[in-house]
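Colleague: After the structure tokens below, expect a handful of questions from me.
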Amino acid sequence: MTIRIVVIGADAAGASAASTIKRGLKDQAHVLLLERQQWTSYAACGIPYWVSGDIPDMNSLVARSPEKHRANGLDLRTGVEAIAIDPASRTVTARTLATGEVHQHGYDHLVIATGAVPLRPPIPGLDLPGVHGVQTLDDGLAALESLSTGPARAVVIGAGYIGIEMAEAMCTRGLQTTVVDLADEPMGTLDPDMGALVRAAMEEMGIAYRGGAGVDSVQAGGDGRVAAVVTAEATYPGDIVVLGLGVRPRADLAREAGLPIGARGGIRTDAQQRVEGHEGIWAGGDCVEVLDRVSGQHTHIALGTHANKHGRIIGANIVASVTGKGPQLAFPGVVGTAISRICDLEISRTGLREAQARELGLDVVTAKVEAGTRAHYFPGGGTVHVKVIAERGTGRLLGAQIVGAAGAGKRIDAAATAIWNGMTVEEVTGLDLAYAPPFSPVWDPLQVATRRAASLV
Ligand SMILES: Cc1cc2nc3c(=O)[nH]c(=O)nc-3n(C[C@H](O)[C@H](O)[C@H](O)COP(=O)(O)OP(=O)(O)OC[C@H]3O[C@@H](n4cnc5c(N)ncnc54)[C@H](O)[C@@H]3O)c2cc1C
């Protein structure tokens with residue numbers, strides 16, 4: 001008997017689950033992969049760098065084209081949207097977008113990998129020509145089309161990592177760029193004192209930052225295209241406007257099907273990525289909540305790192321369920337590690353922010369240091385700022401944030417590994433990390449910060 005697998009969403013989580021299943025089950029399974037766009041397995045992460053011109057060819061962002069998926073044996077239907085799930089009859093209803101034709105698909109295993117929805121507050125003018133979201137390759141094409149009209153000024157609304165990466169893209173394209181955000185400092189995933197370093201660096205690069213600025217409306221010019229972003233305090237002229245307002249899980253289909261949804265709006269799964277209480281239904285990627293290992297709470301973090309792991313785990317677990325062979329894999333949770341860049345400035349973070357730790361009732365100490373990315377005598381180094389947050393008494397490392405020159409950002413991985421393993425700041429200070437003058441001072445900046453924190457805990 002052929003096992004019927006239906007996968008909704010053909011990007012990071014869905015396509016990797018589908019490919020893993022097909023590799024594992026071969027002709028034992030019919031894998032139907034439904035995707036409402038024309039693109040599959042594309043790197044949204046690369047869109048800002050493609051829009052900036054750093055990556056000239058859009059096709060290089062596509063890891064696996066629809067043709068390749070079909071050649072690998074997947075029954076991929078692009079331009080097809082899943083519109084309902086019925087767990088009782090084990091069917092998915094889907095509609096072909098071009099014709100409106102509706103089909104029913106029975107399944108033995110269903111994978112929900114529908115991603116996230118960009119947030120769009122009810123601000124008048126967000127639908128004007130020249131206002132661009134940045135989620136899909138079509139969004140990137142539309143932004144490039146606007147850029148081809150020769151705009152001089154860009155306004156980016158939202159200073160999260162996508163907002164600042166797009167600010168870099170606009171700046172690289174030679175546009176006078178302003179970033180507006182409700183928060184006083186950019187990068188809300190950092191503590192404000194670290195965000196202030198990002199703001200200062202942006203201003204040095206010629207990118208204006210306007211914090212505490214709630215957008216009231218986006219206005220059109222005489223040609224009907226976007227012309228300005230209006231806040232209570234000021235009007236910022238912009239011939240192109242980019243939205244980086246964050247995302248929420250795309251979990252509506254699951255909610256309507258009666259599947260469990262958590263407080264953060266994502267589908268709730270167990271560690272094996274099985275939807276809680278629903279045998280044969282699996283979910284992963286930006287549409288689900290994940291367990292934060294530091295806070296012990298479920299959260300929603302839309303990142304490709306998690307989505308790809310979920311896809312692999314779901315695929316392997318479905319193969320193991322069908323064959324009865326192999327262990328069930330588990331997703332171990334997250335510690336909130338992320339990295340980004342604005343021009344030459346690298347920004348990374350992991351674990352809890354200071355305020356977050358205090359909200360959880362933890363008594364914390366913090367240490368903040370400025371150091372070099374290379375030995376002081378070695379040419380070409382830059383400055384790096386490291387902040388660490390540790391629990392008073394136990395000395396457990398709870399969080400770390402890094403803002404600095406080239407070579408600074410990936411130092412966060414050592415901190416993430418330490419937090420993952422519950423290490424203390426004293427233990428991190430003793431870690432055997434790599435050193436040679438072109439790469440680091442003899443005391444790595446992370447260890448300078450943990451050494452200082454160790455003296456305070
Ligand atoms: C500009 C940008 C930069 C990013 N940079 C980074 C980065 O540097 N590092 C990082 O880790 N992450 C980054 N991300 C996040 C990363 O791209 C996402 O976390 C990842 O793509 C999530 O994968 P997913 O499979 O869960 O969802 P998605 O990639 O969103 O895929 C979901 C798919 O499901 C389809 N779909 C949805 N509903 C239906 C339906 N009802 N029927 C059929 N198809 C449907 C969608 O069309 C989509 O193709 C970035 C994202 C963006 C937008």
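Residues in the structure tokens are named by chain (A, B, ... in the order shown) and by number from 1 within that chain; ligands are numbered from 1 in the order shown.
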Could you give me, as a PyMOL selection string, the residues within 12 Å of range 249-253 of chain A, counting only C-alpha atoms and dropping anything in the same chain fewer than 4 positions from it?
Modeller: chain A and resi 8-9+81-87+92-94+112-119+257-268+283-290+299-303
Colleague: Keeping only N, CA and C atoms, write the selected residues as a short mmCIF file (atom, residue, chain, number, x, y, z; two decimals), in the first residue's frame.
Modeller:
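What ended up in part-v5.cif:
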data_model
loop_
_atom_site.label_atom_id
_atom_site.label_comp_id
_atom_site.auth_asym_id
_atom_site.auth_seq_id
_atom_site.Cartn_x
_atom_site.Cartn_y
_atom_site.Cartn_z
N ILE A 8 2.27 20.91 3.21
CA ILE A 8 1.80 22.26 2.81
C ILE A 8 2.95 23.24 3.02
N GLY A 9 3.45 23.81 1.92
CA GLY A 9 4.55 24.78 2.00
C GLY A 9 5.84 24.14 1.53
N GLU A 81 -2.97 26.39 -3.39
CA GLU A 81 -3.05 26.80 -1.98
C GLU A 81 -3.93 25.82 -1.20
N ALA A 82 -3.42 25.37 -0.07
CA ALA A 82 -4.26 24.57 0.83
C ALA A 82 -5.23 25.51 1.51
N ILE A 83 -6.52 25.17 1.49
CA ILE A 83 -7.50 26.10 2.09
C ILE A 83 -8.21 25.51 3.31
N ALA A 84 -8.10 24.22 3.52
CA ALA A 84 -8.71 23.63 4.73
C ALA A 84 -8.06 22.29 5.04
N ILE A 85 -8.05 21.99 6.35
CA ILE A 85 -7.56 20.68 6.81
C ILE A 85 -8.69 20.06 7.63
N ASP A 86 -8.99 18.79 7.35
CA ASP A 86 -10.00 18.11 8.17
C ASP A 86 -9.35 16.90 8.83
N PRO A 87 -8.91 17.06 10.10
CA PRO A 87 -8.22 15.95 10.77
C PRO A 87 -9.11 14.71 10.92
N VAL A 92 -7.02 17.19 3.06
CA VAL A 92 -6.66 18.59 2.87
C VAL A 92 -7.42 19.05 1.62
N THR A 93 -8.05 20.24 1.72
CA THR A 93 -8.70 20.82 0.54
C THR A 93 -7.76 21.87 -0.01
N ALA A 94 -7.57 21.86 -1.33
CA ALA A 94 -6.64 22.81 -1.95
C ALA A 94 -7.29 23.42 -3.19
N ILE A 112 2.56 20.41 8.11
CA ILE A 112 2.18 21.83 7.94
C ILE A 112 3.46 22.65 8.08
N ALA A 113 3.80 23.35 7.00
CA ALA A 113 5.04 24.17 7.00
C ALA A 113 4.73 25.47 6.25
N THR A 114 3.75 26.19 6.79
CA THR A 114 3.19 27.34 6.07
C THR A 114 3.92 28.65 6.36
N GLY A 115 4.93 28.62 7.23
CA GLY A 115 5.76 29.81 7.43
C GLY A 115 5.09 30.88 8.29
N ALA A 116 5.38 32.13 7.96
CA ALA A 116 4.91 33.25 8.79
C ALA A 116 4.24 34.30 7.90
N VAL A 117 3.46 35.16 8.55
CA VAL A 117 2.77 36.25 7.84
C VAL A 117 3.43 37.57 8.25
N PRO A 118 3.87 38.39 7.31
CA PRO A 118 4.44 39.69 7.70
C PRO A 118 3.39 40.55 8.38
N LEU A 119 3.78 41.25 9.45
CA LEU A 119 2.82 42.09 10.18
C LEU A 119 2.53 43.36 9.38
N ALA A 257 -8.72 24.24 11.78
CA ALA A 257 -8.88 22.77 11.83
C ALA A 257 -8.95 22.26 13.27
N GLY A 258 -8.87 23.19 14.23
CA GLY A 258 -8.97 22.78 15.64
C GLY A 258 -7.66 22.28 16.21
N LEU A 259 -6.55 22.54 15.53
CA LEU A 259 -5.25 22.10 16.06
C LEU A 259 -4.79 23.07 17.15
N PRO A 260 -3.96 22.61 18.10
CA PRO A 260 -3.59 23.46 19.23
C PRO A 260 -2.67 24.62 18.83
N ILE A 261 -3.03 25.81 19.32
CA ILE A 261 -2.26 27.02 19.03
C ILE A 261 -1.81 27.59 20.38
N GLY A 262 -0.54 28.00 20.47
CA GLY A 262 -0.01 28.50 21.73
C GLY A 262 -0.26 29.99 21.93
N ALA A 263 0.21 30.49 23.07
CA ALA A 263 -0.01 31.90 23.43
C ALA A 263 0.68 32.84 22.46
N ARG A 264 1.73 32.40 21.78
CA ARG A 264 2.43 33.26 20.81
C ARG A 264 1.89 33.10 19.40
N GLY A 265 0.78 32.36 19.27
CA GLY A 265 0.11 32.26 17.98
C GLY A 265 0.62 31.16 17.07
N GLY A 266 1.60 30.39 17.53
CA GLY A 266 2.15 29.31 16.70
C GLY A 266 1.51 27.97 17.02
N ILE A 267 1.62 27.04 16.06
CA ILE A 267 1.10 25.68 16.28
C ILE A 267 1.95 25.03 17.37
N ARG A 268 1.29 24.31 18.29
CA ARG A 268 2.03 23.64 19.37
C ARG A 268 2.34 22.21 18.94
N ALA A 283 4.23 19.54 12.25
CA ALA A 283 4.37 20.95 11.84
C ALA A 283 5.76 21.44 12.22
N GLY A 284 6.28 22.37 11.40
CA GLY A 284 7.61 22.91 11.69
C GLY A 284 7.87 24.21 10.97
N GLY A 285 8.93 24.89 11.38
CA GLY A 285 9.32 26.16 10.78
C GLY A 285 8.63 27.34 11.44
N ASP A 286 8.47 28.40 10.67
CA ASP A 286 7.96 29.67 11.22
C ASP A 286 6.51 29.59 11.71
N CYS A 287 5.78 28.51 11.37
CA CYS A 287 4.37 28.44 11.80
C CYS A 287 4.23 27.82 13.19
N VAL A 288 5.32 27.37 13.82
CA VAL A 288 5.19 26.71 15.13
C VAL A 288 5.88 27.52 16.24
N GLU A 289 5.52 27.19 17.45
CA GLU A 289 6.24 27.72 18.61
C GLU A 289 7.38 26.76 18.96
N VAL A 290 8.42 27.32 19.57
CA VAL A 290 9.57 26.50 19.97
C VAL A 290 9.84 26.70 21.46
N THR A 299 8.06 29.99 22.73
CA THR A 299 8.19 31.28 22.09
C THR A 299 8.06 31.11 20.58
N HIS A 300 8.04 32.24 19.86
CA HIS A 300 8.02 32.16 18.39
C HIS A 300 9.23 32.89 17.86
N ILE A 301 10.13 32.16 17.20
CA ILE A 301 11.32 32.78 16.60
C ILE A 301 11.39 32.32 15.15
N ALA A 302 11.15 33.26 14.24
CA ALA A 302 11.09 32.90 12.82
C ALA A 302 12.49 32.95 12.23
N LEU A 303 13.16 31.81 12.20
CA LEU A 303 14.51 31.76 11.63
C LEU A 303 14.69 30.48 10.80
#
Colleague: Just the helix (DSSP H, G or I) stuff from range 278-320 of chain A, please, per backbone DSSP, written as a ChimeraX atom specification.
Modeller: /A:285-287,304-320
Colleague: Nearest to Ile5 in chain A: which of A:Gly315, A:Gly246, A:Gly399, A:Pro332 is it, counting only C-alpha atoms?
Modeller: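 Looking at the shortest contact to Ile5 in chain A, the residue is A:Gly315.
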Colleague: Within 8 Å of Asp181 in chain A, counting only C-alpha atoms, which residues qualify if same-chain residues fewer than 3 places away don't, as a ChimeraX atom specification?
Modeller: /A:157-159,184,186,210-214
Colleague: Measuring atom to atom with only C-alpha atoms, identify which of A:Leu97, A:Ala414, A:Leu33, A:Met170 is nearest to Asp54 in chain A.
Modeller: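 Using only C-alpha atoms, the shortest distance to Asp54 in chain A belongs to A:Met170.
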